[in-house]
Amino acid sequence: MRVTVNQIKEMKQKGEKIAMLTAYDYSTAKIVDEAGIPLILVGDSLGMVVLGYESTIPVTMEEMLHHTKAVVRGAKRAMVIGDMPFMSYHISADDALRNAARFIQEGGAQAIKLEGGVTVMEKVTRIVGCGIPVMGHIGLTPQSIHQFGGFTVQGKTPEAAAKVLEDAVALEEAGAFAIVLETIPTQLAKIITAKLSIPTIGIGAGIHCDGQVQVINDILGSYTEFVPKHAKQYAKLTDIIRNAVTQYHNEVKAGAFPTEKQSYSIDESLLAELTK
Ligand code: KIV
């Protein structure tokens, strides 16, 4: 049985912390799922860590759906959340609903995430009204990176903090089941978490959030071009992969790979005809 929206909401009520991670492919989703992580986000961060774009902005619906399907095949228990890419929900509520439905119907996800607060309220209400669970995302919203002028901490002035709080309340009113708080001061995240009855999931928002989310490549140390301050590396996969690849390269060049262990054989007498 997959994790449900109600179970996630109950975790907040019980004071149980919620761990969420991104995944973009079948094998990784399977490991994350088997480790018991209840929420898997197919984040549009895949634009950077998987596809090599400079930001999340070029990511398309087709790319998101392609990866969502793979993650859904790998995760049997976790709730899989599809991240709506730039311009897939901005133009109209009809568009937003159509694209949200594609994540559920074609991608096999159980929920969607979108960025924005007050400005996306109408769209959230519409999507939730059609039975699709929505996770909000406020604070540093990477799709607005050009407006922010970089990956900077949000909500640092009293006015900016009040705006983030207003966005959080708007999303809860619109029917979101949880909200990602990205790169905002710890104290502001604490106030928002106390004010809302739905869970807050922090990334660079401190310890008081109801849960935490990280980009899996950041915690595994497999994407090192940009390591955010909020990321803790639990492994250094780049080093491990580089060593393994170098060893393989050296063994192939030296004629040391493959050995008999990695080879197949047939009875020599059956080859007599061929070697005549
Ligand atoms: O795209 C993503 O991975 C995200 C998380 C950072 C929350 O939106």
# chains A, B, ... in the order shown; residues from 1 in each chain; ligands from 1

$ residues_around --residues "region 31-36 of chain A" --least-positions-apart "3" --cutoff "10 Å" --atoms "only C-alpha atoms" --output "ChimeraX atom specification"
/A:19-23,26-28,39-40,71,74-80,216

$ write_last_selection --atoms "all heavy atoms" --output "short mmCIF file (atom, residue, chain, number, x, y, z; two decimals), in the first residue's frame"
data_model
loop_
_atom_site.label_atom_id
_atom_site.label_comp_id
_atom_site.auth_asym_id
_atom_site.auth_seq_id
_atom_site.Cartn_x
_atom_site.Cartn_y
_atom_site.Cartn_z
N ALA A 19 10.89 12.49 6.01
CA ALA A 19 12.06 12.57 5.11
C ALA A 19 11.60 12.44 3.66
O ALA A 19 10.83 11.54 3.33
CB ALA A 19 13.06 11.49 5.45
N MET A 20 12.09 13.33 2.84
CA MET A 20 11.73 13.28 1.41
C MET A 20 13.04 13.42 0.62
O MET A 20 13.96 14.13 1.05
CB MET A 20 10.78 14.44 1.12
CG MET A 20 10.49 14.75 -0.31
SD MET A 20 8.98 15.80 -0.40
CE MET A 20 9.34 16.83 -1.78
N LEU A 21 13.13 12.72 -0.50
CA LEU A 21 14.32 12.80 -1.36
C LEU A 21 13.87 12.88 -2.81
O LEU A 21 12.78 12.41 -3.14
CB LEU A 21 15.18 11.55 -1.20
CG LEU A 21 16.26 11.55 -0.13
CD1 LEU A 21 16.93 10.18 -0.07
CD2 LEU A 21 17.31 12.64 -0.36
N THR A 22 14.73 13.40 -3.64
CA THR A 22 14.43 13.35 -5.07
C THR A 22 14.96 12.03 -5.63
O THR A 22 15.85 11.40 -5.04
CB THR A 22 15.11 14.50 -5.86
OG1 THR A 22 16.53 14.32 -5.82
CG2 THR A 22 14.73 15.85 -5.31
N ALA A 23 14.38 11.61 -6.74
CA ALA A 23 14.93 10.50 -7.54
C ALA A 23 14.48 10.76 -8.97
O ALA A 23 13.45 11.41 -9.20
CB ALA A 23 14.42 9.15 -7.05
N TYR A 26 14.76 4.61 -12.29
CA TYR A 26 14.22 3.38 -11.70
C TYR A 26 15.10 2.86 -10.56
O TYR A 26 14.62 2.64 -9.44
CB TYR A 26 14.08 2.33 -12.81
CG TYR A 26 13.77 0.95 -12.32
CD1 TYR A 26 12.47 0.57 -11.99
CD2 TYR A 26 14.79 0.00 -12.16
CE1 TYR A 26 12.18 -0.70 -11.52
CE2 TYR A 26 14.51 -1.28 -11.69
CZ TYR A 26 13.22 -1.62 -11.37
OH TYR A 26 12.95 -2.88 -10.91
N SER A 27 16.40 2.67 -10.83
CA SER A 27 17.28 2.01 -9.83
C SER A 27 17.39 2.84 -8.56
O SER A 27 17.35 2.28 -7.45
CB SER A 27 18.68 1.81 -10.40
OG SER A 27 18.63 1.32 -11.68
N THR A 28 17.53 4.15 -8.70
CA THR A 28 17.67 5.00 -7.51
C THR A 28 16.35 5.03 -6.74
O THR A 28 16.34 4.94 -5.51
CB THR A 28 18.07 6.43 -7.92
OG1 THR A 28 19.18 6.36 -8.81
CG2 THR A 28 18.44 7.27 -6.72
N LEU A 39 8.34 9.90 0.88
CA LEU A 39 8.00 10.82 -0.22
C LEU A 39 9.17 10.91 -1.20
O LEU A 39 10.29 11.25 -0.81
CB LEU A 39 7.73 12.24 0.31
CG LEU A 39 6.53 12.42 1.25
CD1 LEU A 39 6.49 13.85 1.77
CD2 LEU A 39 5.22 12.09 0.53
N ILE A 40 8.90 10.61 -2.47
CA ILE A 40 9.93 10.75 -3.50
C ILE A 40 9.48 11.82 -4.48
O ILE A 40 8.38 11.74 -5.05
CB ILE A 40 10.18 9.43 -4.26
CG1 ILE A 40 10.65 8.34 -3.28
CG2 ILE A 40 11.21 9.64 -5.36
CD1 ILE A 40 10.98 7.00 -3.94
N VAL A 71 10.62 6.42 -12.20
CA VAL A 71 10.61 6.43 -10.73
C VAL A 71 9.42 5.64 -10.19
O VAL A 71 9.54 4.86 -9.25
CB VAL A 71 10.60 7.90 -10.21
CG1 VAL A 71 10.31 7.96 -8.72
CG2 VAL A 71 11.94 8.57 -10.53
N GLY A 74 10.04 2.08 -10.09
CA GLY A 74 11.00 1.65 -9.07
C GLY A 74 10.47 1.74 -7.65
O GLY A 74 10.92 1.01 -6.77
N ALA A 75 9.54 2.63 -7.40
CA ALA A 75 9.04 2.86 -6.03
C ALA A 75 7.69 2.20 -5.84
O ALA A 75 6.71 2.58 -6.49
CB ALA A 75 8.93 4.36 -5.77
N LYS A 76 7.66 1.24 -4.95
CA LYS A 76 6.39 0.51 -4.74
C LYS A 76 5.57 1.07 -3.59
O LYS A 76 4.37 0.92 -3.53
CB LYS A 76 6.70 -0.98 -4.44
CG LYS A 76 7.47 -1.68 -5.54
CD LYS A 76 6.54 -2.06 -6.70
CE LYS A 76 7.29 -2.59 -7.90
NZ LYS A 76 7.47 -1.61 -8.98
N ARG A 77 6.26 1.70 -2.59
CA ARG A 77 5.55 2.11 -1.39
C ARG A 77 5.46 3.64 -1.23
O ARG A 77 4.45 4.17 -0.79
CB ARG A 77 6.26 1.51 -0.17
CG ARG A 77 5.54 1.77 1.12
CD ARG A 77 6.28 1.23 2.33
NE ARG A 77 5.83 1.95 3.51
CZ ARG A 77 6.37 3.07 3.95
NH1 ARG A 77 7.39 3.61 3.33
NH2 ARG A 77 5.88 3.66 5.02
N ALA A 78 6.51 4.33 -1.61
CA ALA A 78 6.55 5.79 -1.42
C ALA A 78 5.53 6.49 -2.30
O ALA A 78 5.16 6.00 -3.37
CB ALA A 78 7.94 6.31 -1.75
N MET A 79 5.09 7.66 -1.82
CA MET A 79 4.27 8.52 -2.67
C MET A 79 5.22 9.22 -3.65
O MET A 79 6.21 9.79 -3.23
CB MET A 79 3.55 9.57 -1.81
CG MET A 79 2.66 10.50 -2.62
SD MET A 79 2.14 11.97 -1.68
CE MET A 79 1.24 11.23 -0.38
N VAL A 80 4.91 9.13 -4.93
CA VAL A 80 5.76 9.78 -5.94
C VAL A 80 5.11 11.10 -6.35
O VAL A 80 3.94 11.14 -6.72
CB VAL A 80 5.98 8.86 -7.17
CG1 VAL A 80 6.81 9.59 -8.23
CG2 VAL A 80 6.66 7.56 -6.75
N ILE A 216 18.94 14.17 -4.21
CA ILE A 216 19.70 12.97 -3.87
C ILE A 216 21.16 13.08 -4.30
O ILE A 216 22.06 12.63 -3.59
CB ILE A 216 19.03 11.68 -4.42
CG1 ILE A 216 19.73 10.46 -3.80
CG2 ILE A 216 19.02 11.62 -5.92
CD1 ILE A 216 18.88 9.28 -3.59
#

$ residues_around --residues "Pro199 (chain A)" --least-positions-apart "6" --cutoff "12 Å" --atoms "only C-alpha atoms" --output "ChimeraX atom specification"
/A:5-20,135-137,168-169,171-172,176-181,189-190,192-193,208-212

$ atom_distance --atom1 "CA of Gln187 (chain A)" --atom2 "CA of Ala205 (chain A)"
8.5 Å

$ closest_atom_pairs --of "chain A" --to "ligand 1" --cutoff "9 Å" --atoms "only C-alpha atoms and all ligand atoms" --output "Markdown table"
| residue | atom | partner | partner_atom_place_in_ligand_line | distance |
| --- | --- | --- | --- | --- |
| A:Met20 | CA | ligand 1 | 7 (C) | 8.9 |
| A:Leu21 | CA | ligand 1 | 3 (O) | 8.1 |
| A:Thr22 | CA | ligand 1 | 3 (O) | 5.8 |
| A:Ala23 | CA | ligand 1 | 3 (O) | 8.5 |
| A:Leu41 | CA | ligand 1 | 3 (O) | 6.8 |
| A:Val42 | CA | ligand 1 | 3 (O) | 6.9 |
| A:Gly43 | CA | ligand 1 | 1 (O) | 3.3 |
| A:Asp44 | CA | ligand 1 | 1 (O) | 4.0 |
| A:Ser45 | CA | ligand 1 | 1 (O) | 3.8 |
| A:Leu46 | CA | ligand 1 | 1 (O) | 6.8 |
| A:Gly47 | CA | ligand 1 | 1 (O) | 8.4 |
| A:Thr56 | CA | ligand 1 | 1 (O) | 7.5 |
| A:Asp83 | CA | ligand 1 | 1 (O) | 6.6 |
| A:Pro85 | CA | ligand 1 | 1 (O) | 8.8 |
| A:Lys113 | CA | ligand 1 | 8 (O) | 7.9 |
| A:Leu114 | CA | ligand 1 | 8 (O) | 8.3 |
| A:Glu115 | CA | ligand 1 | 8 (O) | 8.1 |
| A:His137 | CA | ligand 1 | 7 (C) | 7.3 |
| A:Thr141 | CA | ligand 1 | 8 (O) | 7.6 |
| A:Pro142 | CA | ligand 1 | 8 (O) | 7.5 |
| A:Val180 | CA | ligand 1 | 7 (C) | 6.2 |
| A:Leu181 | CA | ligand 1 | 7 (C) | 8.1 |
| A:Glu182 | CA | ligand 1 | 7 (C) | 7.0 |
| A:Ile201 | CA | ligand 1 | 7 (C) | 8.4 |
| A:Gly202 | CA | ligand 1 | 7 (C) | 8.1 |
| A:Ile203 | CA | ligand 1 | 7 (C) | 6.7 |
| A:Val213 | CA | ligand 1 | 7 (C) | 6.1 |
| A:Gln214 | CA | ligand 1 | 6 (C) | 6.1 |
| A:Val215 | CA | ligand 1 | 3 (O) | 5.3 |
| A:Ile216 | CA | ligand 1 | 3 (O) | 8.5 |

$ write_last_selection --atoms "N, CA, C and O atoms" --output "compact mmCIF listing (two decimals), in the first residue's frame"
# COMPACT_ATOMS: atom_id res chain seq x y z
N MET A 20 12.09 13.33 2.84
CA MET A 20 11.73 13.28 1.41
C MET A 20 13.04 13.42 0.62
O MET A 20 13.96 14.13 1.05
N LEU A 21 13.13 12.72 -0.50
CA LEU A 21 14.32 12.80 -1.36
C LEU A 21 13.87 12.88 -2.81
O LEU A 21 12.78 12.41 -3.14
N THR A 22 14.73 13.40 -3.64
CA THR A 22 14.43 13.35 -5.07
C THR A 22 14.96 12.03 -5.63
O THR A 22 15.85 11.40 -5.04
N ALA A 23 14.38 11.61 -6.74
CA ALA A 23 14.93 10.50 -7.54
C ALA A 23 14.48 10.76 -8.97
O ALA A 23 13.45 11.41 -9.20
N LEU A 41 10.33 12.82 -4.64
CA LEU A 41 10.03 13.91 -5.57
C LEU A 41 10.82 13.71 -6.86
O LEU A 41 12.06 13.59 -6.82
N VAL A 42 10.11 13.66 -7.98
CA VAL A 42 10.81 13.71 -9.26
C VAL A 42 10.95 15.19 -9.56
O VAL A 42 10.07 15.83 -10.14
N GLY A 43 12.02 15.77 -9.03
CA GLY A 43 12.19 17.22 -9.07
C GLY A 43 12.63 17.70 -10.44
O GLY A 43 13.32 16.97 -11.17
N ASP A 44 12.26 18.94 -10.76
CA ASP A 44 12.76 19.50 -12.02
C ASP A 44 14.25 19.84 -11.89
O ASP A 44 14.91 20.23 -12.85
N SER A 45 14.80 19.64 -10.68
CA SER A 45 16.26 19.73 -10.50
C SER A 45 16.96 18.74 -11.41
O SER A 45 18.17 18.84 -11.64
N LEU A 46 16.22 17.77 -11.94
CA LEU A 46 16.82 16.83 -12.89
C LEU A 46 17.41 17.57 -14.08
O LEU A 46 18.34 17.08 -14.74
N GLY A 47 16.86 18.76 -14.36
CA GLY A 47 17.41 19.57 -15.45
C GLY A 47 18.90 19.82 -15.25
O GLY A 47 19.69 19.78 -16.20
N THR A 56 16.68 25.04 -13.92
CA THR A 56 15.52 24.16 -14.12
C THR A 56 14.61 24.68 -15.24
O THR A 56 13.67 23.99 -15.65
N ASP A 83 7.09 17.00 -10.28
CA ASP A 83 7.34 18.44 -10.16
C ASP A 83 6.95 19.13 -11.46
O ASP A 83 7.49 18.82 -12.53
N PRO A 85 7.06 21.50 -14.37
CA PRO A 85 8.14 22.35 -14.87
C PRO A 85 7.67 23.76 -15.24
O PRO A 85 6.46 24.02 -15.32
N LYS A 113 3.84 18.80 -7.50
CA LYS A 113 4.34 19.96 -6.76
C LYS A 113 4.43 21.13 -7.73
O LYS A 113 4.77 20.93 -8.91
N LEU A 114 4.13 22.31 -7.25
CA LEU A 114 4.35 23.51 -8.08
C LEU A 114 4.85 24.66 -7.21
O LEU A 114 4.70 24.64 -5.99
N GLU A 115 5.50 25.62 -7.85
CA GLU A 115 6.12 26.74 -7.14
C GLU A 115 5.18 27.94 -7.10
O GLU A 115 4.44 28.18 -8.05
N HIS A 137 5.38 25.05 -2.91
CA HIS A 137 6.84 25.28 -2.84
C HIS A 137 7.05 26.79 -2.84
O HIS A 137 6.75 27.46 -3.84
N THR A 141 12.28 29.85 -4.98
CA THR A 141 11.67 28.98 -6.00
C THR A 141 12.55 29.06 -7.26
O THR A 141 12.58 30.10 -7.93
N PRO A 142 13.28 27.98 -7.57
CA PRO A 142 14.30 28.05 -8.62
C PRO A 142 13.78 28.48 -10.00
O PRO A 142 14.55 29.00 -10.81
N VAL A 180 6.82 22.86 0.56
CA VAL A 180 8.29 22.94 0.62
C VAL A 180 8.66 24.39 0.93
O VAL A 180 8.18 25.31 0.27
N LEU A 181 9.53 24.56 1.94
CA LEU A 181 10.07 25.88 2.27
C LEU A 181 11.54 25.85 1.89
O LEU A 181 12.32 25.11 2.49
N GLU A 182 11.91 26.61 0.87
CA GLU A 182 13.30 26.53 0.40
C GLU A 182 14.10 27.79 0.73
O GLU A 182 13.68 28.91 0.41
N ILE A 201 8.00 21.10 4.61
CA ILE A 201 9.16 20.26 4.27
C ILE A 201 10.28 21.23 3.89
O ILE A 201 10.18 21.93 2.88
N GLY A 202 11.31 21.27 4.69
CA GLY A 202 12.35 22.29 4.48
C GLY A 202 13.51 21.81 3.63
O GLY A 202 13.86 20.63 3.62
N ILE A 203 14.08 22.77 2.92
CA ILE A 203 15.38 22.55 2.25
C ILE A 203 16.12 23.88 2.43
O ILE A 203 15.72 24.90 1.86
N VAL A 213 13.71 17.87 2.75
CA VAL A 213 13.91 17.30 1.42
C VAL A 213 15.31 17.69 0.94
O VAL A 213 15.79 18.78 1.26
N GLN A 214 15.93 16.78 0.22
CA GLN A 214 17.23 17.06 -0.38
C GLN A 214 17.25 16.48 -1.79
O GLN A 214 16.55 15.49 -2.08
N VAL A 215 18.08 17.08 -2.62
CA VAL A 215 18.34 16.53 -3.95
C VAL A 215 19.30 15.35 -3.73
O VAL A 215 20.34 15.51 -3.09
N ILE A 216 18.94 14.17 -4.21
CA ILE A 216 19.70 12.97 -3.87
C ILE A 216 21.16 13.08 -4.30
O ILE A 216 22.06 12.63 -3.59

$ select_by_dssp --residues "region 68-177 of chain A" --states "helix (DSSP H, G or I)" --output "PyMOL selection string"
chain A and resi 68-74+93-105+118-129+142-148+158-174

$ decode --residues "region 43-69 of chain A" --atoms "N, CA and C atoms" --output "CSV table (one decimal), in the first residue's frame"
chain,number,residue,atom,x,y,z
A,43,GLY,N,12.0,15.8,-9.0
A,43,GLY,CA,12.2,17.2,-9.1
A,43,GLY,C,12.6,17.7,-10.4
A,44,ASP,N,12.3,18.9,-10.8
A,44,ASP,CA,12.8,19.5,-12.0
A,44,ASP,C,14.3,19.8,-11.9
A,45,SER,N,14.8,19.6,-10.7
A,45,SER,CA,16.3,19.7,-10.5
A,45,SER,C,17.0,18.7,-11.4
A,46,LEU,N,16.2,17.8,-11.9
A,46,LEU,CA,16.8,16.8,-12.9
A,46,LEU,C,17.4,17.6,-14.1
A,47,GLY,N,16.9,18.8,-14.4
A,47,GLY,CA,17.4,19.6,-15.5
A,47,GLY,C,18.9,19.8,-15.3
A,48,MET,N,19.3,20.1,-14.0
A,48,MET,CA,20.7,20.3,-13.7
A,48,MET,C,21.5,19.1,-13.4
A,49,VAL,N,21.0,18.2,-12.5
A,49,VAL,CA,21.8,17.1,-12.1
A,49,VAL,C,21.8,15.9,-13.0
A,50,VAL,N,20.8,15.8,-13.9
A,50,VAL,CA,20.7,14.7,-14.8
A,50,VAL,C,20.9,15.1,-16.2
A,51,LEU,N,20.3,16.2,-16.6
A,51,LEU,CA,20.4,16.6,-18.0
A,51,LEU,C,21.4,17.6,-18.4
A,52,GLY,N,22.0,18.2,-17.3
A,52,GLY,CA,23.1,19.2,-17.6
A,52,GLY,C,22.8,20.6,-18.0
A,53,TYR,N,21.5,21.0,-17.8
A,53,TYR,CA,21.1,22.4,-18.1
A,53,TYR,C,21.7,23.3,-17.0
A,54,GLU,N,21.7,24.6,-17.2
A,54,GLU,CA,22.2,25.5,-16.2
A,54,GLU,C,21.2,25.8,-15.1
A,55,SER,N,20.0,25.6,-15.4
A,55,SER,CA,18.9,25.8,-14.4
A,55,SER,C,17.8,24.9,-14.7
A,56,THR,N,16.7,25.0,-13.9
A,56,THR,CA,15.5,24.2,-14.1
A,56,THR,C,14.6,24.7,-15.2
A,57,ILE,N,14.9,25.9,-15.7
A,57,ILE,CA,14.0,26.5,-16.7
A,57,ILE,C,13.8,25.8,-18.0
A,58,PRO,N,14.8,25.2,-18.6
A,58,PRO,CA,14.6,24.5,-19.9
A,58,PRO,C,13.8,23.2,-19.8
A,59,VAL,N,13.6,22.7,-18.6
A,59,VAL,CA,12.9,21.4,-18.4
A,59,VAL,C,11.5,21.4,-19.0
A,60,THR,N,11.2,20.3,-19.7
A,60,THR,CA,9.8,20.2,-20.4
A,60,THR,C,9.0,19.2,-19.7
A,61,MET,N,7.7,19.2,-20.0
A,61,MET,CA,6.7,18.2,-19.5
A,61,MET,C,7.1,16.8,-20.0
A,62,GLU,N,7.6,16.7,-21.2
A,62,GLU,CA,7.9,15.4,-21.7
A,62,GLU,C,9.1,14.8,-21.0
A,63,GLU,N,10.1,15.7,-20.7
A,63,GLU,CA,11.3,15.2,-19.9
A,63,GLU,C,10.8,14.7,-18.5
A,64,MET,N,9.9,15.6,-17.9
A,64,MET,CA,9.5,15.2,-16.5
A,64,MET,C,8.7,13.9,-16.5
A,65,LEU,N,7.9,13.7,-17.5
A,65,LEU,CA,7.0,12.5,-17.6
A,65,LEU,C,7.9,11.3,-17.8
A,66,HIS,N,8.9,11.4,-18.7
A,66,HIS,CA,9.8,10.3,-19.0
A,66,HIS,C,10.4,9.8,-17.6
A,67,HIS,N,10.9,10.7,-16.8
A,67,HIS,CA,11.6,10.3,-15.6
A,67,HIS,C,10.6,9.9,-14.5
A,68,THR,N,9.4,10.5,-14.5
A,68,THR,CA,8.4,10.2,-13.5
A,68,THR,C,8.0,8.7,-13.7
A,69,LYS,N,7.8,8.3,-14.9
A,69,LYS,CA,7.4,6.9,-15.2
A,69,LYS,C,8.5,5.9,-14.7
